[in-house]
Amino acid sequence: GVAPHPNACDVLAADVHLSLEARNFLAMRSFHGGALRHLRARGLATDVFQQQHFNFPKAYEIIGQRTLKNPSRKTEIICTIGPKSWDPEVLAGLIDAGMNTVRCNMSHGDHAEQTMKLQNLEKAYQLRPEAAGTIKVLMDTRGPEIRTGYFEVYNEKKKPDSSGAAIPGGLRVAPTAGTFGTPPLVGKLKAGQSFRLLTDYSVKGDETQVAITYKELPQDVAPGQHILLQDGTVILEVTGTGPDYVDTKVLNDGRLGEKKNVNVPGVKINLPVVDEREIHDIVNWAKPHKAHYIALSFVQSAQDIRDCRKHSAADTKIIAKIENVEGLRHFDEILREADGIMVARGDLGMEIPIERIWMAQKMMIKRCKEAGKLVVTATEMLASMEDKPFPTRAEACDVANAVLDGSDMVMLSGEVANGAFPVQTCAMMRRIIEEAEHALELDSSHSVFT
């Protein structure tokens, strides 16, 4: 349908509990001179999003039938490769299921591990010779992200037993003397408890503290601000700061894992988007391995794209990941400079009100289509398939709507990297795409639902 959205992307991050007029007034009051007039002109304007036209059969019961005989597909599938999908046999299965691009995420794994994935892809080609050379490579940069550190004792894969084995998603401890069964889950945080974030990354964490990668966090936050850990599953409220720590109160029960993302909504992180490690990854990994795409994380300006491009191969396409308010604020200039945009809904959903993610997604897709640029829709598209062989109904609709909106690519992350059903997940995404594209191609003058 038709959905109006604010033309000033800052307003996407405004407090949705205020009226539209109040939000615009508060946003404009924070600007002065030309910037104030510019935001007034843009923030009070609206634009229109129109989903692509599609058809459905007049005999509605046909919707309940599987009727595609020779399906075709234009929308491509990006698969994040991890421990559950990097074996050659699984990669061959993903090729059969519809994978078009492998995503190598530099936030997880060193160059040797990423290279191993591509070597295994070559072995998968031996199992599927007809596919040799057809799968593209996307390198995802780490970017100016904040992550949690390590625990004194940790293993996220195995369940505990009476010998003190590992606990999934948190710490493990030895069993208490004289007790039997599962030991207490020390890594499980409780609402109301105190928890400290340390800027010394060498310190191993426990149930009272964990290290983070951003040394300037104590200077950037104030009491009352919220800090979101591991995709917002753990929420902290700042209670105080010191020279090398931030004290917080845990607001909800949850488990805390190693190397999980940390978001501070409303705070501009003072870290470069293209730093030494990004340059190292581009020059020493992406270029030698002829990566087709570089997904640049947390892009905040057009200059970030230019900084990335000057280190990249000439034929490598730069895809800007929009993950925060700064990326939205400077979206038009970023789009002009980049080869494509990734609607990175994970981190973006912690930086702006989650009830406005749909609006940001449709705005970005519309602008990309108008500019003739690639657009990728990503994050949690079939997330429930990490541990189930089928998605939720909402996820199936989400994938279809991304196609109907005009996405050129859709991406699978943890579902394929760490999920129990990587091949089934990719096949499910392919089938949903095929059905959505089939509806787009229908001629209303005659039925092709046969």
# chains A, B, ... in the order shown; residues from 1 in each chain; ligands from 1
>>> residues_around(residues="Leu404 of chain A", least_positions_apart="4", cutoff="7 Å", atoms="only C-alpha atoms", output="ChimeraX atom specification")
/A:51-52,400,436
>>> closest_residue(among="A:Asn270, A:Asn261, A:Ser194, A:Ser413", to="Lys215 of chain A", atoms="only C-alpha atoms")
A:Asn270
>>> select_by_dssp(residues="segment 277-371 of chain A", states="alpha helix (DSSP H)", output="number ranges by chain")
A: 277-281, 302-309, 325-329, 331-337, 345-351, 357-371
>>> closest_residue(among="A:Met381, A:Val137, A:Val238, A:Leu412", to="Ala394 of chain A", atoms="only C-alpha atoms")
A:Met381
>>> select_by_dssp(residues="segment 143-342 of chain A", states="strand (DSSP E or B)", output="VMD selection string")
chain A and resid 146 to 148 151 154 171 188 to 189 194 to 198 205 to 206 209 to 212 226 to 229 234 to 242 245 to 250 254 to 255 261 to 263 293 to 296 317 to 322 340 to 342
>>> closest_atom_pairs(of="segment 247-342 of chain A", to="segment 351-360 of chain A", cutoff="10 Å", atoms="only C-alpha atoms", output="tab-separated table")
residue	atom	partner	partner_atom	distance
A:Asn263	CA	A:Glu351	CA	7.4
A:Val264	CA	A:Glu351	CA	7.4
A:Pro265	CA	A:Glu351	CA	4.7
A:Gly266	CA	A:Glu351	CA	6.8
A:Val267	CA	A:Glu351	CA	9.0
A:Ile322	CA	A:Ala360	CA	9.7
A:Glu323	CA	A:Glu351	CA	7.5
A:Asn324	CA	A:Glu351	CA	5.5
A:Val325	CA	A:Glu351	CA	6.7
A:Glu326	CA	A:Glu351	CA	9.9
A:Leu328	CA	A:Ala360	CA	8.2
>>> closest_residue(among="A:Lys74, A:Arg66, A:Lys388, A:Arg345", to="Ile433 of chain A", atoms="only C-alpha atoms")
A:Lys74
>>> residues_around(residues="segment 299-304 of chain A", least_positions_apart="3", cutoff="9 Å", atoms="only C-alpha atoms", output="ChimeraX atom specification")
/A:143,272-274,296,307-309,320-338
>>> residues_around(residues="Val221 of chain A", least_positions_apart="2", cutoff="9 Å", atoms="only C-alpha atoms", output="PDB file with all heavy atoms, in the first residue's frame")
ATOM      1  N   LEU A 217      33.720   5.036  26.479  1.00  0.00           N
ATOM      2  CA  LEU A 217      32.330   4.931  26.911  1.00  0.00           C
ATOM      3  C   LEU A 217      32.060   5.705  28.211  1.00  0.00           C
ATOM      4  O   LEU A 217      31.024   6.376  28.309  1.00  0.00           O
ATOM      5  CB  LEU A 217      31.929   3.464  27.073  1.00  0.00           C
ATOM      6  CG  LEU A 217      30.450   3.228  27.376  1.00  0.00           C
ATOM      7  CD1 LEU A 217      29.574   3.672  26.204  1.00  0.00           C
ATOM      8  CD2 LEU A 217      30.184   1.766  27.705  1.00  0.00           C
ATOM      9  N   PRO A 218      32.934   5.664  29.229  1.00  0.00           N
ATOM     10  CA  PRO A 218      32.641   6.424  30.456  1.00  0.00           C
ATOM     11  C   PRO A 218      32.460   7.925  30.213  1.00  0.00           C
ATOM     12  O   PRO A 218      31.705   8.583  30.944  1.00  0.00           O
ATOM     13  CB  PRO A 218      33.868   6.152  31.338  1.00  0.00           C
ATOM     14  CG  PRO A 218      34.398   4.842  30.861  1.00  0.00           C
ATOM     15  CD  PRO A 218      34.170   4.857  29.379  1.00  0.00           C
ATOM     16  N   GLN A 219      33.124   8.468  29.203  1.00  0.00           N
ATOM     17  CA  GLN A 219      32.997   9.890  28.910  1.00  0.00           C
ATOM     18  C   GLN A 219      31.768  10.200  28.051  1.00  0.00           C
ATOM     19  O   GLN A 219      31.312  11.352  27.996  1.00  0.00           O
ATOM     20  CB  GLN A 219      34.245  10.406  28.185  1.00  0.00           C
ATOM     21  CG  GLN A 219      35.505  10.473  29.046  1.00  0.00           C
ATOM     22  CD  GLN A 219      36.122   9.115  29.317  1.00  0.00           C
ATOM     23  OE1 GLN A 219      36.337   8.336  28.388  1.00  0.00           O
ATOM     24  NE2 GLN A 219      36.381   8.815  30.583  1.00  0.00           N
ATOM     25  N   PRO A 223      24.329   9.068  33.753  1.00  0.00           N
ATOM     26  CA  PRO A 223      23.312   8.308  34.481  1.00  0.00           C
ATOM     27  C   PRO A 223      21.926   8.459  33.859  1.00  0.00           C
ATOM     28  O   PRO A 223      21.525   9.541  33.446  1.00  0.00           O
ATOM     29  CB  PRO A 223      23.368   8.923  35.896  1.00  0.00           C
ATOM     30  CG  PRO A 223      24.785   9.384  36.032  1.00  0.00           C
ATOM     31  CD  PRO A 223      25.157   9.892  34.665  1.00  0.00           C
ATOM     32  N   GLY A 224      21.229   7.332  33.772  1.00  0.00           N
ATOM     33  CA  GLY A 224      19.890   7.320  33.183  1.00  0.00           C
ATOM     34  C   GLY A 224      19.856   6.814  31.761  1.00  0.00           C
ATOM     35  O   GLY A 224      18.793   6.379  31.280  1.00  0.00           O
ATOM     36  N   GLN A 225      20.999   6.863  31.052  1.00  0.00           N
ATOM     37  CA  GLN A 225      21.025   6.366  29.676  1.00  0.00           C
ATOM     38  C   GLN A 225      20.970   4.844  29.650  1.00  0.00           C
ATOM     39  O   GLN A 225      21.423   4.175  30.569  1.00  0.00           O
ATOM     40  CB  GLN A 225      22.282   6.846  28.954  1.00  0.00           C
ATOM     41  CG  GLN A 225      22.208   8.294  28.506  1.00  0.00           C
ATOM     42  CD  GLN A 225      23.410   8.673  27.667  1.00  0.00           C
ATOM     43  OE1 GLN A 225      24.534   8.667  28.154  1.00  0.00           O
ATOM     44  NE2 GLN A 225      23.179   9.008  26.400  1.00  0.00           N
ATOM     45  N   HIS A 226      20.436   4.318  28.564  1.00  0.00           N
ATOM     46  CA  HIS A 226      20.324   2.876  28.398  1.00  0.00           C
ATOM     47  C   HIS A 226      21.441   2.363  27.491  1.00  0.00           C
ATOM     48  O   HIS A 226      21.825   3.019  26.527  1.00  0.00           O
ATOM     49  CB  HIS A 226      18.973   2.489  27.805  1.00  0.00           C
ATOM     50  CG  HIS A 226      17.849   2.596  28.786  1.00  0.00           C
ATOM     51  ND1 HIS A 226      16.541   2.331  28.457  1.00  0.00           N
ATOM     52  CD2 HIS A 226      17.844   2.952  30.100  1.00  0.00           C
ATOM     53  CE1 HIS A 226      15.774   2.500  29.517  1.00  0.00           C
ATOM     54  NE2 HIS A 226      16.541   2.883  30.533  1.00  0.00           N
ATOM     55  N   VAL A 238      22.560   3.151  32.971  1.00  0.00           N
ATOM     56  CA  VAL A 238      23.770   3.710  33.571  1.00  0.00           C
ATOM     57  C   VAL A 238      23.430   4.325  34.926  1.00  0.00           C
ATOM     58  O   VAL A 238      22.492   5.125  35.045  1.00  0.00           O
ATOM     59  CB  VAL A 238      24.399   4.770  32.650  1.00  0.00           C
ATOM     60  CG1 VAL A 238      25.616   5.399  33.312  1.00  0.00           C
ATOM     61  CG2 VAL A 238      24.774   4.152  31.306  1.00  0.00           C
ATOM     62  N   GLY A 240      26.338   5.208  37.043  1.00  0.00           N
ATOM     63  CA  GLY A 240      27.511   6.007  37.380  1.00  0.00           C
ATOM     64  C   GLY A 240      28.674   5.647  36.480  1.00  0.00           C
ATOM     65  O   GLY A 240      28.639   4.636  35.771  1.00  0.00           O
ATOM     66  N   THR A 241      29.712   6.484  36.493  1.00  0.00           N
ATOM     67  CA  THR A 241      30.892   6.233  35.668  1.00  0.00           C
ATOM     68  C   THR A 241      32.167   6.516  36.462  1.00  0.00           C
ATOM     69  O   THR A 241      32.147   7.241  37.452  1.00  0.00           O
ATOM     70  CB  THR A 241      30.892   7.121  34.407  1.00  0.00           C
ATOM     71  OG1 THR A 241      30.923   8.498  34.807  1.00  0.00           O
ATOM     72  CG2 THR A 241      29.666   6.870  33.548  1.00  0.00           C
ATOM     73  N   VAL A 246      31.943   1.767  33.628  1.00  0.00           N
ATOM     74  CA  VAL A 246      30.585   2.303  33.682  1.00  0.00           C
ATOM     75  C   VAL A 246      29.772   1.364  34.559  1.00  0.00           C
ATOM     76  O   VAL A 246      29.711   0.160  34.285  1.00  0.00           O
ATOM     77  CB  VAL A 246      29.956   2.399  32.280  1.00  0.00           C
ATOM     78  CG1 VAL A 246      28.489   2.812  32.380  1.00  0.00           C
ATOM     79  CG2 VAL A 246      30.719   3.366  31.399  1.00  0.00           C
ATOM     80  N   VAL A 264      24.497   2.049  22.190  1.00  0.00           N
ATOM     81  CA  VAL A 264      24.135   3.136  23.095  1.00  0.00           C
ATOM     82  C   VAL A 264      23.290   4.119  22.300  1.00  0.00           C
ATOM     83  O   VAL A 264      23.828   5.024  21.659  1.00  0.00           O
ATOM     84  CB  VAL A 264      25.382   3.834  23.680  1.00  0.00           C
ATOM     85  CG1 VAL A 264      24.972   4.771  24.818  1.00  0.00           C
ATOM     86  CG2 VAL A 264      26.401   2.814  24.176  1.00  0.00           C
ATOM     87  N   VAL A 267      23.943   8.094  21.153  1.00  0.00           N
ATOM     88  CA  VAL A 267      25.338   8.490  21.370  1.00  0.00           C
ATOM     89  C   VAL A 267      26.136   8.237  20.095  1.00  0.00           C
ATOM     90  O   VAL A 267      26.120   7.125  19.559  1.00  0.00           O
ATOM     91  CB  VAL A 267      25.962   7.711  22.547  1.00  0.00           C
ATOM     92  CG1 VAL A 267      27.458   8.008  22.656  1.00  0.00           C
ATOM     93  CG2 VAL A 267      25.256   8.070  23.844  1.00  0.00           C
TER      94      VAL A 267
END
